[in-house]
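Heads up, final-v2.tsv below (TSV, C-alpha atoms (C1' of nucleotides)):
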```tsv
chain	number	residue	atom	x	y	z
I	1	MET	CA	33.94	-9.45	-26.55
I	2	GLN	CA	37.18	-11.42	-26.33
I	3	GLU	CA	37.82	-10.21	-29.84
I	4	ALA	CA	38.37	-6.74	-28.43
I	5	LYS	CA	41.41	-8.08	-26.66
I	6	LEU	CA	42.70	-9.71	-29.81
I	7	TYR	CA	42.31	-6.57	-31.86
I	8	SER	CA	43.53	-4.32	-29.09
I	9	ARG	CA	46.90	-3.78	-30.62
I	10	TYR	CA	46.04	-3.36	-34.28
I	11	SER	CA	46.26	0.41	-34.15
I	12	PHE	CA	49.59	0.09	-32.44
I	13	LEU	CA	50.84	-2.25	-35.16
I	14	LEU	CA	49.54	0.00	-37.89
I	15	ASP	CA	51.06	3.13	-36.45
I	16	ARG	CA	54.33	1.45	-35.70
I	17	THR	CA	54.70	0.07	-39.21
I	18	ALA	CA	53.63	3.25	-40.96
I	19	ARG	CA	56.22	5.17	-38.98
I	20	ARG	CA	58.92	2.62	-39.70
I	21	VAL	CA	58.26	2.89	-43.43
I	22	LYS	CA	58.64	6.66	-43.37
I	23	GLN	CA	61.64	6.45	-41.13
I	24	TYR	CA	63.39	3.91	-43.35
I	25	ALA	CA	62.74	5.90	-46.51
I	26	LYS	CA	63.85	9.13	-44.87
I	27	GLN	CA	67.09	7.54	-43.81
I	28	ARG	CA	67.77	6.05	-47.26
I	29	PHE	CA	67.01	9.38	-48.89
I	30	ARG	CA	69.44	11.08	-46.63
I	31	GLU	CA	72.16	8.50	-47.24
I	32	LEU	CA	71.70	9.13	-50.96
I	33	GLY	CA	71.99	12.87	-50.48
I	34	TRP	CA	68.37	13.78	-51.26
I	35	ALA	CA	66.96	16.33	-48.87
I	36	ILE	CA	63.32	15.37	-49.21
I	37	THR	CA	60.86	13.49	-47.03
I	38	VAL	CA	58.48	10.72	-48.02
I	39	ASP	CA	55.55	13.12	-47.98
I	40	GLN	CA	57.36	15.57	-50.20
I	41	TRP	CA	58.17	12.68	-52.53
I	42	ALA	CA	54.48	11.78	-52.77
I	43	ILE	CA	53.71	15.28	-54.03
I	44	LEU	CA	56.56	15.28	-56.54
I	45	LYS	CA	55.51	11.87	-57.84
I	46	GLN	CA	51.91	12.93	-58.24
I	47	LEU	CA	53.04	15.94	-60.27
I	48	ALA	CA	55.38	13.81	-62.37
I	49	ASP	CA	52.66	11.27	-63.13
I	50	HIS	CA	49.71	13.58	-63.71
I	51	GLY	CA	51.14	16.94	-64.71
I	52	PRO	CA	50.37	20.43	-63.42
I	53	GLN	CA	47.35	20.68	-61.15
I	54	ASN	CA	45.99	22.84	-58.37
I	55	GLN	CA	46.55	22.31	-54.66
I	56	ARG	CA	43.11	20.86	-54.02
I	57	GLU	CA	43.69	18.09	-56.55
I	58	LEU	CA	47.16	17.42	-55.14
I	59	GLY	CA	45.59	17.09	-51.72
I	60	ASP	CA	42.81	14.79	-52.90
I	61	LYS	CA	45.21	12.42	-54.60
I	62	THR	CA	47.73	12.25	-51.79
I	63	PHE	CA	45.12	12.40	-49.00
I	64	LYS	CA	46.62	15.46	-47.42
I	65	ASP	CA	44.66	18.47	-46.23
I	66	ASN	CA	45.04	22.05	-47.42
I	67	PRO	CA	47.37	23.33	-44.72
I	68	THR	CA	49.66	20.35	-45.20
I	69	ILE	CA	49.78	20.87	-48.95
I	70	THR	CA	50.53	24.55	-48.47
I	71	ARG	CA	53.43	23.81	-46.19
I	72	ILE	CA	54.93	21.02	-48.26
I	73	LEU	CA	54.74	23.15	-51.40
I	74	ASP	CA	56.41	26.03	-49.58
I	75	LEU	CA	59.31	23.75	-48.76
I	76	LEU	CA	59.51	22.25	-52.26
I	77	ASN	CA	59.34	25.71	-53.72
I	78	ASP	CA	62.21	26.90	-51.53
I	79	LYS	CA	64.27	24.01	-52.88
I	80	ASP	CA	63.28	24.91	-56.44
I	81	TYR	CA	61.55	21.61	-57.14
I	82	VAL	CA	58.07	23.02	-57.86
I	83	GLU	CA	56.58	26.35	-58.88
I	84	ARG	CA	53.20	28.00	-58.34
I	85	LYS	CA	51.74	29.74	-61.38
I	86	PRO	CA	48.44	31.60	-61.42
I	87	HIS	CA	45.64	29.34	-62.62
I	88	PRO	CA	44.39	30.51	-66.02
I	89	ASP	CA	40.74	29.69	-65.29
I	90	ASP	CA	40.38	30.46	-61.59
I	91	ARG	CA	42.02	33.31	-59.79
I	92	ARG	CA	41.52	31.60	-56.44
I	93	SER	CA	43.95	28.84	-57.25
I	94	PHE	CA	47.43	28.08	-58.50
I	95	LEU	CA	48.70	25.66	-61.06
I	96	ILE	CA	51.51	23.70	-59.46
I	97	SER	CA	54.18	22.18	-61.66
I	98	LEU	CA	57.60	20.59	-61.40
I	99	THR	CA	60.60	22.72	-62.26
I	100	LYS	CA	63.38	21.29	-64.44
I	101	ASN	CA	65.16	20.71	-61.20
I	102	GLY	CA	62.16	18.83	-59.83
I	103	GLU	CA	61.80	16.64	-62.90
I	104	GLN	CA	65.45	15.77	-62.70
I	105	LEU	CA	65.14	14.81	-59.03
I	106	VAL	CA	62.17	12.54	-59.71
I	107	ASN	CA	64.02	10.74	-62.50
I	108	GLU	CA	67.05	10.36	-60.32
I	109	CYS	CA	65.14	9.07	-57.29
I	110	LEU	CA	62.65	6.76	-58.95
I	111	PRO	CA	64.80	3.61	-59.23
I	112	GLU	CA	65.92	3.93	-55.65
I	113	VAL	CA	62.39	4.49	-54.41
I	114	GLN	CA	61.37	1.26	-56.11
I	115	LYS	CA	64.19	-0.56	-54.33
I	116	ILE	CA	63.02	0.84	-51.01
I	117	ARG	CA	59.50	-0.39	-51.75
I	118	MET	CA	60.62	-3.87	-52.69
I	119	LYS	CA	62.66	-4.09	-49.52
I	120	ALA	CA	59.48	-3.82	-47.47
I	121	TRP	CA	57.95	-6.80	-49.31
I	122	GLU	CA	60.82	-9.24	-49.03
I	123	ASN	CA	59.49	-12.70	-48.17
I	124	LEU	CA	55.93	-11.58	-48.91
I	125	SER	CA	53.88	-12.58	-51.93
I	126	GLN	CA	51.59	-10.78	-54.32
I	127	LYS	CA	48.73	-12.60	-52.65
I	128	ASP	CA	49.83	-11.11	-49.34
I	129	PHE	CA	49.74	-7.70	-50.89
I	130	LYS	CA	46.17	-8.19	-52.10
I	131	GLU	CA	45.08	-9.33	-48.64
I	132	PHE	CA	46.88	-6.42	-47.09
I	133	LYS	CA	45.21	-3.93	-49.39
I	134	ARG	CA	41.80	-5.49	-48.86
I	135	ILE	CA	42.07	-5.32	-45.07
I	136	LEU	CA	43.45	-1.79	-44.98
I	137	ASP	CA	40.70	-0.60	-47.29
I	138	SER	CA	38.07	-2.30	-45.12
I	139	ILE	CA	39.34	-0.62	-41.99
I	140	TYR	CA	39.47	2.68	-43.77
I	141	ASP	CA	35.90	2.32	-44.98
I	142	ASN	CA	34.64	1.11	-41.62
I	143	LEU	CA	35.92	4.26	-40.00
I	144	SER	CA	34.75	6.66	-42.70
I	145	ILE	CA	32.04	9.06	-41.77
Y	146	MET	CA	60.21	-5.25	-61.52
Y	147	GLN	CA	56.51	-4.94	-62.37
Y	148	GLU	CA	55.96	-5.78	-58.71
Y	149	ALA	CA	57.33	-2.36	-57.85
Y	150	LYS	CA	54.37	-0.84	-59.60
Y	151	LEU	CA	51.97	-3.11	-57.74
Y	152	TYR	CA	53.44	-2.26	-54.39
Y	153	SER	CA	53.88	1.38	-55.20
Y	154	ARG	CA	50.97	2.50	-53.10
Y	155	TYR	CA	51.36	0.35	-50.02
Y	156	SER	CA	52.96	3.11	-47.99
Y	157	PHE	CA	50.18	5.42	-49.05
Y	158	LEU	CA	47.55	2.89	-47.94
Y	159	LEU	CA	49.34	2.29	-44.67
Y	160	ASP	CA	49.73	5.95	-43.86
Y	161	ARG	CA	46.19	6.76	-44.90
Y	162	THR	CA	44.68	4.04	-42.74
Y	163	ALA	CA	46.85	4.73	-39.72
Y	164	ARG	CA	45.80	8.35	-39.85
Y	165	ARG	CA	42.14	7.49	-40.26
Y	166	VAL	CA	42.26	5.30	-37.17
Y	167	LYS	CA	43.73	8.09	-35.08
Y	168	GLN	CA	41.37	10.61	-36.54
Y	169	TYR	CA	38.31	8.46	-35.85
Y	170	ALA	CA	39.32	7.76	-32.28
Y	171	LYS	CA	40.14	11.39	-31.65
Y	172	GLN	CA	36.74	12.43	-32.88
Y	173	ARG	CA	34.92	9.82	-30.78
Y	174	PHE	CA	36.92	10.83	-27.72
Y	175	ARG	CA	35.95	14.41	-28.25
Y	176	GLU	CA	32.30	13.57	-28.74
Y	177	LEU	CA	32.42	11.75	-25.43
Y	178	GLY	CA	34.01	14.70	-23.69
Y	179	TRP	CA	37.45	13.17	-23.13
Y	180	ALA	CA	40.25	15.57	-23.86
Y	181	ILE	CA	42.90	12.99	-24.69
Y	182	THR	CA	44.48	11.75	-27.90
Y	183	VAL	CA	45.09	8.18	-29.02
Y	184	ASP	CA	48.76	8.47	-28.19
Y	185	GLN	CA	48.01	9.77	-24.71
Y	186	TRP	CA	45.58	6.89	-24.28
Y	187	ALA	CA	48.31	4.40	-25.17
Y	188	ILE	CA	50.44	5.70	-22.32
Y	189	LEU	CA	47.58	5.67	-19.83
Y	190	LYS	CA	46.65	2.11	-20.81
Y	191	GLN	CA	50.22	0.90	-20.48
Y	192	LEU	CA	50.35	2.37	-16.97
Y	193	ALA	CA	46.98	0.86	-16.05
Y	194	ASP	CA	48.02	-2.60	-17.27
Y	195	HIS	CA	51.57	-2.73	-15.99
Y	196	GLY	CA	51.78	-0.33	-13.08
Y	197	PRO	CA	54.30	2.41	-12.31
Y	198	GLN	CA	57.39	2.41	-14.50
Y	199	ASN	CA	60.04	4.77	-15.78
Y	200	GLN	CA	59.90	6.72	-19.02
Y	201	ARG	CA	62.26	4.47	-20.90
Y	202	GLU	CA	60.04	1.46	-20.27
Y	203	LEU	CA	56.95	3.42	-21.26
Y	204	GLY	CA	58.69	4.36	-24.48
Y	205	ASP	CA	59.84	0.82	-25.23
Y	206	LYS	CA	56.36	-0.61	-24.76
Y	207	THR	CA	54.53	2.05	-26.77
Y	208	PHE	CA	57.31	2.45	-29.37
Y	209	LYS	CA	57.72	6.12	-28.72
Y	210	ASP	CA	61.03	7.91	-28.30
Y	211	ASN	CA	62.22	9.85	-25.29
Y	212	PRO	CA	61.25	13.34	-26.40
Y	213	THR	CA	57.77	12.15	-27.33
Y	214	ILE	CA	57.30	10.47	-23.96
Y	215	THR	CA	58.49	13.59	-22.18
Y	216	ARG	CA	55.98	15.77	-24.00
Y	217	ILE	CA	53.03	13.42	-23.65
Y	218	LEU	CA	53.71	13.02	-19.94
Y	219	ASP	CA	53.92	16.80	-19.55
Y	220	LEU	CA	50.44	17.06	-21.03
Y	221	LEU	CA	49.01	14.19	-18.99
Y	222	ASN	CA	50.58	15.66	-15.89
Y	223	ASP	CA	49.01	19.05	-16.57
Y	224	LYS	CA	45.62	17.30	-16.75
Y	225	ASP	CA	46.36	15.48	-13.50
Y	226	TYR	CA	46.18	12.00	-15.03
Y	227	VAL	CA	49.75	10.93	-14.22
Y	228	GLU	CA	52.46	11.91	-11.78
Y	229	ARG	CA	56.26	11.74	-11.81
Y	230	LYS	CA	57.87	10.53	-8.61
Y	231	PRO	CA	61.61	10.21	-8.04
Y	232	HIS	CA	62.75	6.65	-8.76
Y	233	PRO	CA	63.88	4.98	-5.52
Y	234	ASP	CA	66.75	3.08	-7.16
Y	235	ASP	CA	67.98	5.48	-9.83
Y	236	ARG	CA	68.23	9.21	-9.42
Y	237	ARG	CA	68.35	9.70	-13.20
Y	238	SER	CA	64.80	8.50	-13.70
Y	239	PHE	CA	61.24	8.94	-12.55
Y	240	LEU	CA	58.60	6.47	-11.59
Y	241	ILE	CA	55.50	7.38	-13.55
Y	242	SER	CA	52.12	6.38	-12.17
Y	243	LEU	CA	48.43	7.08	-12.74
Y	244	THR	CA	46.74	9.49	-10.38
Y	245	LYS	CA	43.32	8.61	-8.94
Y	246	ASN	CA	41.98	10.85	-11.64
Y	247	GLY	CA	43.88	8.93	-14.30
Y	248	GLU	CA	42.69	5.56	-13.04
Y	249	GLN	CA	39.15	6.80	-13.12
Y	250	LEU	CA	39.53	8.03	-16.71
Y	251	VAL	CA	40.93	4.70	-17.87
Y	252	ASN	CA	38.03	2.79	-16.32
Y	253	GLU	CA	35.56	5.17	-17.84
Y	254	CYS	CA	37.08	5.07	-21.32
Y	255	LEU	CA	37.89	1.39	-21.62
Y	256	PRO	CA	34.49	0.09	-22.80
Y	257	GLU	CA	34.21	2.84	-25.39
Y	258	VAL	CA	37.75	2.24	-26.65
Y	259	GLN	CA	36.83	-1.38	-27.21
Y	260	LYS	CA	33.83	-0.32	-29.25
Y	261	ILE	CA	36.00	1.93	-31.37
Y	262	ARG	CA	38.35	-0.96	-31.98
Y	263	MET	CA	35.59	-3.36	-32.96
Y	264	LYS	CA	34.22	-0.79	-35.36
Y	265	ALA	CA	37.41	-0.97	-37.40
Y	266	TRP	CA	37.04	-4.74	-37.78
Y	267	GLU	CA	33.44	-4.92	-38.90
Y	268	ASN	CA	33.11	-7.43	-41.75
Y	269	LEU	CA	36.59	-8.75	-41.09
Y	270	SER	CA	37.43	-12.09	-39.51
Y	271	GLN	CA	39.91	-13.25	-36.91
Y	272	LYS	CA	41.78	-14.92	-39.75
Y	273	ASP	CA	42.03	-11.52	-41.44
Y	274	PHE	CA	43.49	-10.11	-38.29
Y	275	LYS	CA	46.17	-12.78	-38.14
Y	276	GLU	CA	47.11	-12.17	-41.77
Y	277	PHE	CA	47.17	-8.46	-41.12
Y	278	LYS	CA	49.43	-8.81	-38.12
Y	279	ARG	CA	51.74	-11.22	-39.95
Y	280	ILE	CA	52.16	-8.87	-42.90
Y	281	LEU	CA	52.66	-5.74	-40.79
Y	282	ASP	CA	55.25	-7.51	-38.68
Y	283	SER	CA	57.05	-8.71	-41.81
Y	284	ILE	CA	57.23	-5.22	-43.24
Y	285	TYR	CA	58.41	-3.89	-39.92
Y	286	ASP	CA	61.13	-6.50	-39.69
Y	287	ASN	CA	62.19	-6.07	-43.30
Y	288	LEU	CA	62.83	-2.40	-42.67
Y	289	SER	CA	64.56	-2.79	-39.33
Y	290	ILE	CA	68.21	-1.91	-39.16
P	291	DT	C1'	89.26	4.10	-7.68
P	292	DT	C1'	89.25	6.99	-11.23
P	293	DG	C1'	88.00	7.91	-15.75
P	294	DC	C1'	85.24	6.82	-19.58
P	295	DA	C1'	81.13	4.79	-21.62
P	296	DA	C1'	76.35	4.03	-21.23
P	297	DT	C1'	71.82	5.38	-19.72
P	298	DA	C1'	67.55	8.50	-18.29
P	299	DG	C1'	65.58	12.32	-19.43
P	300	DT	C1'	65.13	17.29	-21.42
P	301	DT	C1'	65.38	20.92	-24.89
P	302	DA	C1'	65.42	22.80	-29.49
P	303	DG	C1'	64.56	22.64	-34.41
P	304	DT	C1'	62.15	20.85	-38.37
P	305	DA	C1'	58.28	18.26	-40.54
P	306	DC	C1'	53.52	16.63	-40.83
P	307	DA	C1'	48.35	16.22	-39.19
P	308	DC	C1'	44.21	18.16	-37.54
P	309	DT	C1'	41.15	21.98	-36.37
P	310	DA	C1'	39.38	26.49	-36.73
P	311	DA	C1'	39.24	30.98	-38.40
P	312	DC	C1'	40.27	33.79	-42.07
P	313	DT	C1'	40.61	36.19	-47.23
P	314	DA	C1'	39.62	36.13	-51.93
P	315	DT	C1'	37.11	34.46	-55.58
P	316	DT	C1'	33.48	31.91	-57.97
P	317	DA	C1'	28.86	29.70	-58.27
P	318	DT	C1'	24.04	29.58	-57.30
P	319	DC	C1'	19.51	30.97	-56.97
P	320	DA	C1'	15.59	33.76	-55.50
N	321	DT	C1'	21.11	41.10	-60.33
N	322	DG	C1'	22.30	40.88	-55.78
N	323	DA	C1'	22.69	38.22	-51.64
N	324	DT	C1'	24.45	34.01	-50.11
N	325	DA	C1'	26.77	29.66	-50.35
N	326	DA	C1'	30.67	27.12	-51.85
N	327	DT	C1'	35.47	26.72	-53.03
N	328	DA	C1'	40.84	27.60	-53.10
N	329	DG	C1'	44.18	28.63	-50.34
N	330	DT	C1'	46.62	30.68	-46.00
N	331	DT	C1'	47.60	31.32	-41.09
N	332	DA	C1'	47.73	30.02	-36.30
N	333	DG	C1'	47.59	26.76	-32.50
N	334	DT	C1'	48.23	22.17	-30.69
N	335	DG	C1'	49.97	17.36	-30.85
N	336	DT	C1'	53.27	13.86	-32.42
N	337	DA	C1'	57.81	12.16	-34.76
N	338	DC	C1'	62.58	12.40	-35.64
N	339	DT	C1'	67.24	14.16	-34.96
N	340	DA	C1'	70.86	16.19	-32.42
N	341	DA	C1'	72.88	18.23	-28.59
N	342	DC	C1'	72.74	18.58	-23.88
N	343	DT	C1'	72.75	17.50	-18.26
N	344	DA	C1'	72.85	14.33	-14.65
N	345	DT	C1'	73.67	9.95	-13.04
N	346	DT	C1'	75.19	5.21	-13.11
N	347	DG	C1'	78.12	1.27	-14.63
N	348	DC	C1'	82.30	-0.67	-15.93
N	349	DA	C1'	87.02	-1.53	-16.64
N	350	DA	C1'	91.93	-0.38	-16.58
```
Rewrite the coordinates I just gave you, this time as structure tokens.
Amino acid sequence: MQEAKLYSRYSFLLDRTARRVKQYAKQRFRELGWAITVDQWAILKQLADHGPQNQRELGDKTFKDNPTITRILDLLNDKDYVERKPHPDDRRSFLISLTKNGEQLVNECLPEVQKIRMKAWENLSQKDFKEFKRILDSIYDNLSI
Amino acid sequence: MQEAKLYSRYSFLLDRTARRVKQYAKQRFRELGWAITVDQWAILKQLADHGPQNQRELGDKTFKDNPTITRILDLLNDKDYVERKPHPDDRRSFLISLTKNGEQLVNECLPEVQKIRMKAWENLSQKDFKEFKRILDSIYDNLSI
DNA sequence: TTGCAATAGTTAGTACACTAACTATTATCA
DNA sequence: TGATAATAGTTAGTGTACTAACTATTGCAA
């Protein structure tokens, strides 16, 4: 049970780093004059990569729950980056798509977002990344219901 | 720049896993009848391990900012797990300490918290943990100002 | 020693996560 | 076919994070 002591701070490390990543990106975004958060970016990127889709699919892909998706889309809609259209096949749902404005933002931000990502991996190798992904996925699976 | 594509989902993986850890612990806590969150636990544990201290120190050790510490302590105080006493040397600050009730909760929860922690590391080795810590710390440092 | 800078903590506003309860619609099956 | 279950999305309440503005106190330097 001495392992418990060793592992005792992993959740602290995880939380701390995840917050730093968001914080860093938020700050860079702001410096560049883009009034979006990392989580809003994730939604925009998903729409840019995979086209119009409903909120459930957006949530599945970005691992966000329904209320969170609702709120983020409200904000993105206010800023005229996305629009909700009635879904042609299902009156319960909407088809969410990028506006012209949204597409333009994604194209403008993309190179900078890649720079932000690379910054996190300075002095780390591709092998490190694979290890990192393997361990995170293991933890995630271990704690899945 | 193909690395950018490879790394493109690391923040997603990080965020997803950090949230799962909190979510899992929260659920276990609730099943066991303990009405505290992971973040509240972190404060209680810090107090149990290092004795009475002011809010700034609590924040430094748990990597939480002042407003967050204020709010968490308000909640823990309402539940009679901690108390704020005037600091003998500095009238700006408080000395925060566990109540009897708080000490009792920490002792009661500790073994279960260790189980929760071990659960996350099933099928992973101590070497994995060291790699994990090294990589998280690197990312953290890379993004520090 | 006074006047300014730094520090401890609080409050308010916005954003996201989780839960639960809710409406509207669609799918299933007896 | 008609009752019921499942699904898509919203709303409300609580907890945490980040920022900014604020009060009170302490420290420091001219």
Kindly provide the residues of chain Y that approach chain P to within 10 Å, each paired with its closest atom pair and their distance in Å to one decimal, based on all atoms listed in the file, listed by chain and increasing number, as CSV.
```
residue,atom,partner,partner_atom,distance
Y:Arg164,CA,P:DA307,C1',8.3
Y:Gln168,CA,P:DC308,C1',8.1
Y:Lys171,CA,P:DC308,C1',9.9
Y:Asn199,CA,P:DA298,C1',8.8
Y:Gln200,CA,P:DA298,C1',7.9
Y:Arg201,CA,P:DA298,C1',7.1
Y:Asn211,CA,P:DG299,C1',7.2
Y:Pro212,CA,P:DT300,C1',7.4
Y:Ile214,CA,P:DG299,C1',9.6
Y:Thr215,CA,P:DT300,C1',7.6
Y:Arg216,CA,P:DT300,C1',9.6
Y:Asp235,CA,P:DA298,C1',9.0
Y:Arg236,CA,P:DA298,C1',8.9
Y:Arg237,CA,P:DA298,C1',5.3
Y:Ser238,CA,P:DA298,C1',5.4
Y:Phe239,CA,P:DA298,C1',8.5
```
- Exercise answer, chain I residues close to chain Y, 9 Å and all atoms listed in the file, as number ranges by chain: I: 1, 3-8, 10-22, 24, 42, 62-63, 114-124, 126, 128-129, 131-133, 135-145
Taking all atoms listed in the file into account, find every residue of chain N that has an atom no more than 8 Å from chain I, and write it out as a PDB file with C-alpha atoms (C1' of nucleotides), in the frame of the given file.
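Output file selection.pdb follows:
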```
ATOM      1  C1'  DA N 328      40.840  27.600 -53.100  1.00  0.00           C
ATOM      2  C1'  DG N 329      44.180  28.630 -50.340  1.00  0.00           C
ATOM      3  C1'  DT N 330      46.620  30.680 -46.000  1.00  0.00           C
TER       4       DT N 330
END
```
- Between CA of Val82 in chain I and CA of Gly102 in chain I, measure the distance and give it in Å to one decimal.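 Atom-to-atom, CA of Val82 in chain I to CA of Gly102 in chain I, that is 6.2 Å.
The interatomic distance for the pair CA of Arg84 in chain I and C1' of DA325 in chain N works out to 27.7 Å.
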- Item | Minimum-distance residue to Lys79 in chain I, chosen among I:Ile36, I:Ile43, I:Leu95, I:Leu58 (using all atoms listed in the file) |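 Of all the options, I:Ile36 lies closest to Lys79 in chain I.
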